[in-house]
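K.L.:
Please see the structure below; I have some questions.
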Amino acid sequence: MTIQDVSFIASFPNVQSCPKSDLPEFAFIGRSNVGKSSLINMLTNKKSLAKVSGTPGKTQLINIFNVDHLWMLTDLPGYGYARLSKEKKQAFDKMISDYLLKRDNLLSAFILIDIRHELQKADAQFIDWLGNNHIPFAIIFTKSDKVPKTKRVQHVNAIKKQLLQTWEALPAAFVSSAETREGRDEILNYIDSCIHLKTIR
Ligand code: GTP
Ligand code: MG
C-alpha cells in the first residue's frame, strides 16, 4: 500500500468526543516511550506528524489522523508510565480502554512491545485485557535497530514464548524500526489486507 496524503484531524480527551467515522481505524498502543508516535511517522513518511519525545508520557490525548481518505490511524498515550501520579495513570488507562471498547470503526489495534526487553508485566496484563475483551490486535516489536540482527529472532521468540504461556495462539506479529524503516511494508500490507477483509468485530 502506498500513502499519498495524511492529515491530522485533532486531539480528543475521550472517545465520546472523537468524531464518528465510517472509515476503518487502526490504533497504536503500548507502554510509554515504546515508539508509538515514531512508528506512525515512519509509516506515514511524515517526520513530525505525531509528537515524539525521549521523555515518556509525551502523547496525552487521543490523536486521530486521516490517511488518503481511506482509513484512520490513532496515536494514543502510553500505559504503565511509573512516574505519573496515580490519578493521571488511571485517567490514561480509562481513556485508552474506553477508546478500545467503544470506538465503533476500530478495525484492529497494534500493540507495540520493545524488542530489547522481556515481556513486562504491564504488557502481559494489557494483552490479557485485549484478549478477554475480544479486541482484535497485532503485535509490533519496536526499536529493532537497538538489537544486533543476529539476535532479533531470539528476542522475538523469547517474548512470544512468554505470551504462549497464557495464550494458545498468537496474532500477527511484526518487527519494526523507526530508524531503519524495517517492517514498514509488512505493516502497511497488513493494514491493507485488514481493510479489504473487513474483519470488523
Ligand atoms: P509516549 O507518547 O510518551 O507514550 O511515547 P511513544 O511510545 O509515542 O514513543 P516516541 O515515539 O515518542 O519515542 C520515544 C523515544 O524512543 C524517542 O526518543 C524516539 O526517538 C525513540 N525511538 C522510537 N522508535 C525508535 C526506533 O525504532 N529506534 C530507535 N533507536 N529509537 C526509537
Ligand atoms: Mg507518543
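Following the order of the C-alpha cells, first chain is A, next is B, and so on, with residues numbered from 1 inside each chain and ligands from 1 in the order they appear.
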Hey, what's within 9 Å of range 146-150 of chain A if we count only C-alpha atoms and toss same-chain stuff fewer than 5 positions away? As a ChimeraX atom specification, please?
P.N.:
/A:115-116,155,177
K.L.:
Could those selected residues go to a file with all heavy atoms, as a PDB file, in the first residue's frame?
P.N.:
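What follows is the written file out-v4.pdb:
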ATOM      1  N   ILE A 115      11.511  -4.564  21.541  1.00  0.00           N
ATOM      2  CA  ILE A 115      12.159  -5.853  21.234  1.00  0.00           C
ATOM      3  C   ILE A 115      13.307  -6.170  22.206  1.00  0.00           C
ATOM      4  O   ILE A 115      13.693  -7.320  22.368  1.00  0.00           O
ATOM      5  CB  ILE A 115      12.676  -5.854  19.774  1.00  0.00           C
ATOM      6  CG1 ILE A 115      12.986  -7.277  19.297  1.00  0.00           C
ATOM      7  CG2 ILE A 115      13.884  -4.942  19.610  1.00  0.00           C
ATOM      8  CD1 ILE A 115      13.320  -7.382  17.822  1.00  0.00           C
ATOM      9  N   ARG A 116      13.812  -5.143  22.895  1.00  0.00           N
ATOM     10  CA  ARG A 116      15.021  -5.341  23.706  1.00  0.00           C
ATOM     11  C   ARG A 116      14.769  -6.092  25.003  1.00  0.00           C
ATOM     12  O   ARG A 116      15.650  -6.735  25.537  1.00  0.00           O
ATOM     13  CB  ARG A 116      15.635  -3.983  24.066  1.00  0.00           C
ATOM     14  CG  ARG A 116      16.247  -3.284  22.894  1.00  0.00           C
ATOM     15  CD  ARG A 116      16.701  -1.909  23.286  1.00  0.00           C
ATOM     16  NE  ARG A 116      15.585  -1.031  23.644  1.00  0.00           N
ATOM     17  CZ  ARG A 116      15.719   0.207  24.070  1.00  0.00           C
ATOM     18  NH1 ARG A 116      16.923   0.713  24.250  1.00  0.00           N
ATOM     19  NH2 ARG A 116      14.657   0.948  24.329  1.00  0.00           N
ATOM     20  N   HIS A 155      15.181 -12.684  20.452  1.00  0.00           N
ATOM     21  CA  HIS A 155      14.414 -11.781  21.319  1.00  0.00           C
ATOM     22  C   HIS A 155      12.915 -11.947  21.090  1.00  0.00           C
ATOM     23  O   HIS A 155      12.138 -12.044  22.034  1.00  0.00           O
ATOM     24  CB  HIS A 155      14.810 -10.322  21.042  1.00  0.00           C
ATOM     25  CG  HIS A 155      16.048  -9.909  21.775  1.00  0.00           C
ATOM     26  ND1 HIS A 155      16.067  -8.893  22.693  1.00  0.00           N
ATOM     27  CD2 HIS A 155      17.311 -10.390  21.730  1.00  0.00           C
ATOM     28  CE1 HIS A 155      17.296  -8.763  23.182  1.00  0.00           C
ATOM     29  NE2 HIS A 155      18.068  -9.648  22.608  1.00  0.00           N
ATOM     30  N   SER A 177      11.474  -0.837  12.962  1.00  0.00           N
ATOM     31  CA  SER A 177      12.393   0.196  13.447  1.00  0.00           C
ATOM     32  C   SER A 177      12.044   1.513  12.776  1.00  0.00           C
ATOM     33  O   SER A 177      11.946   1.588  11.552  1.00  0.00           O
ATOM     34  CB  SER A 177      13.841  -0.171  13.109  1.00  0.00           C
ATOM     35  OG  SER A 177      14.660   0.991  13.241  1.00  0.00           O
TER      36      SER A 177
END
K.L.:
Between chain A and ligand 1, at 10 Å or less, what are the per-residue closest atom pairs and their distances in Å? Count only C-alpha atoms and all ligand atoms, order by chain and rising residue number, and return it as a tab-separated table.
P.N.:
residue	atom	partner	partner_atom_place_in_ligand_line	distance
A:Phe28	CA	ligand 1	7 (O)	8.7
A:Ile29	CA	ligand 1	7 (O)	7.6
A:Gly30	CA	ligand 1	7 (O)	6.5
A:Arg31	CA	ligand 1	4 (O)	6.2
A:Ser32	CA	ligand 1	4 (O)	3.4
A:Asn33	CA	ligand 1	5 (O)	3.5
A:Val34	CA	ligand 1	7 (O)	4.1
A:Gly35	CA	ligand 1	9 (O)	3.4
A:Lys36	CA	ligand 1	7 (O)	3.8
A:Ser37	CA	ligand 1	11 (O)	3.8
A:Ser38	CA	ligand 1	11 (O)	3.6
A:Leu39	CA	ligand 1	24 (N)	6.3
A:Ile40	CA	ligand 1	11 (O)	8.0
A:Asn41	CA	ligand 1	11 (O)	8.4
A:Met42	CA	ligand 1	27 (O)	8.9
A:Ala50	CA	ligand 1	11 (O)	7.9
A:Lys51	CA	ligand 1	12 (O)	6.4
A:Val52	CA	ligand 1	12 (O)	3.4
A:Ser53	CA	ligand 1	12 (O)	4.1
A:Gly54	CA	ligand 1	18 (O)	3.5
A:Thr55	CA	ligand 1	3 (O)	6.3
A:Pro56	CA	ligand 1	3 (O)	3.7
A:Gly57	CA	ligand 1	3 (O)	3.5
A:Lys58	CA	ligand 1	3 (O)	3.8
A:Thr59	CA	ligand 1	2 (O)	3.7
A:Gln60	CA	ligand 1	2 (O)	7.0
A:Leu61	CA	ligand 1	2 (O)	9.2
A:Asp75	CA	ligand 1	8 (O)	7.5
A:Leu76	CA	ligand 1	2 (O)	7.2
A:Pro77	CA	ligand 1	4 (O)	4.8
A:Gly78	CA	ligand 1	4 (O)	3.7
A:Tyr79	CA	ligand 1	4 (O)	7.1
A:Gly80	CA	ligand 1	4 (O)	9.2
A:Tyr81	CA	ligand 1	4 (O)	8.1
A:Leu112	CA	ligand 1	7 (O)	8.1
A:Ile113	CA	ligand 1	7 (O)	9.6
A:Asp114	CA	ligand 1	27 (O)	9.0
A:Ile115	CA	ligand 1	27 (O)	9.7
A:Phe141	CA	ligand 1	27 (O)	9.3
A:Thr142	CA	ligand 1	27 (O)	5.6
A:Lys143	CA	ligand 1	27 (O)	3.5
A:Ser144	CA	ligand 1	27 (O)	6.2
A:Asp145	CA	ligand 1	28 (N)	5.7
A:Lys146	CA	ligand 1	30 (N)	5.7
A:Val147	CA	ligand 1	30 (N)	9.4
A:Val175	CA	ligand 1	27 (O)	9.7
A:Ser176	CA	ligand 1	27 (O)	6.5
A:Ser177	CA	ligand 1	27 (O)	3.5
A:Ala178	CA	ligand 1	27 (O)	3.6
A:Glu179	CA	ligand 1	28 (N)	5.0
A:Thr180	CA	ligand 1	27 (O)	7.3
A:Arg181	CA	ligand 1	27 (O)	7.7
A:Glu182	CA	ligand 1	27 (O)	8.6
K.L.:
Write out as a PDB file with all heavy atoms, in the first residue's frame each polymer residue whose atoms come within 7 Å of Ser108 in chain A, counting only C-alpha atoms; drop sequence neighbours fewer than 3 positions from it.
P.N.:
ATOM      1  N   PHE A  26      -7.199   2.187  12.848  1.00  0.00           N
ATOM      2  CA  PHE A  26      -6.141   1.358  13.443  1.00  0.00           C
ATOM      3  C   PHE A  26      -5.483   2.164  14.553  1.00  0.00           C
ATOM      4  O   PHE A  26      -5.083   3.312  14.338  1.00  0.00           O
ATOM      5  CB  PHE A  26      -5.107   0.967  12.377  1.00  0.00           C
ATOM      6  CG  PHE A  26      -5.696   0.124  11.285  1.00  0.00           C
ATOM      7  CD1 PHE A  26      -6.356   0.706  10.202  1.00  0.00           C
ATOM      8  CD2 PHE A  26      -5.645  -1.260  11.354  1.00  0.00           C
ATOM      9  CE1 PHE A  26      -6.936  -0.074   9.203  1.00  0.00           C
ATOM     10  CE2 PHE A  26      -6.218  -2.052  10.365  1.00  0.00           C
ATOM     11  CZ  PHE A  26      -6.863  -1.453   9.288  1.00  0.00           C
ATOM     12  N   ALA A  27      -5.357   1.554  15.724  1.00  0.00           N
ATOM     13  CA  ALA A  27      -4.818   2.283  16.879  1.00  0.00           C
ATOM     14  C   ALA A  27      -3.467   1.717  17.286  1.00  0.00           C
ATOM     15  O   ALA A  27      -3.246   0.508  17.234  1.00  0.00           O
ATOM     16  CB  ALA A  27      -5.787   2.166  18.044  1.00  0.00           C
ATOM     17  N   PRO A 136      -9.548  -7.086  18.454  1.00  0.00           N
ATOM     18  CA  PRO A 136      -8.558  -7.617  17.526  1.00  0.00           C
ATOM     19  C   PRO A 136      -7.258  -6.816  17.599  1.00  0.00           C
ATOM     20  O   PRO A 136      -7.299  -5.581  17.661  1.00  0.00           O
ATOM     21  CB  PRO A 136      -9.203  -7.441  16.146  1.00  0.00           C
ATOM     22  CG  PRO A 136     -10.587  -6.990  16.387  1.00  0.00           C
ATOM     23  CD  PRO A 136     -10.690  -6.477  17.772  1.00  0.00           C
ATOM     24  N   PHE A 137      -6.138  -7.517  17.618  1.00  0.00           N
ATOM     25  CA  PHE A 137      -4.865  -6.782  17.655  1.00  0.00           C
ATOM     26  C   PHE A 137      -3.755  -7.581  16.993  1.00  0.00           C
ATOM     27  O   PHE A 137      -3.839  -8.797  16.840  1.00  0.00           O
ATOM     28  CB  PHE A 137      -4.478  -6.421  19.103  1.00  0.00           C
ATOM     29  CG  PHE A 137      -4.103  -7.599  19.957  1.00  0.00           C
ATOM     30  CD1 PHE A 137      -2.769  -7.946  20.147  1.00  0.00           C
ATOM     31  CD2 PHE A 137      -5.075  -8.365  20.579  1.00  0.00           C
ATOM     32  CE1 PHE A 137      -2.411  -9.042  20.938  1.00  0.00           C
ATOM     33  CE2 PHE A 137      -4.735  -9.461  21.362  1.00  0.00           C
ATOM     34  CZ  PHE A 137      -3.405  -9.804  21.554  1.00  0.00           C
TER      35      PHE A 137
END
K.L.:
So, with only C-alpha atoms and all ligand atoms as the atoms that count, which of A:Leu43, A:Leu197, A:Ile62, A:Ala172 lies closest to ligand 2?
P.N.:
A:Ile62
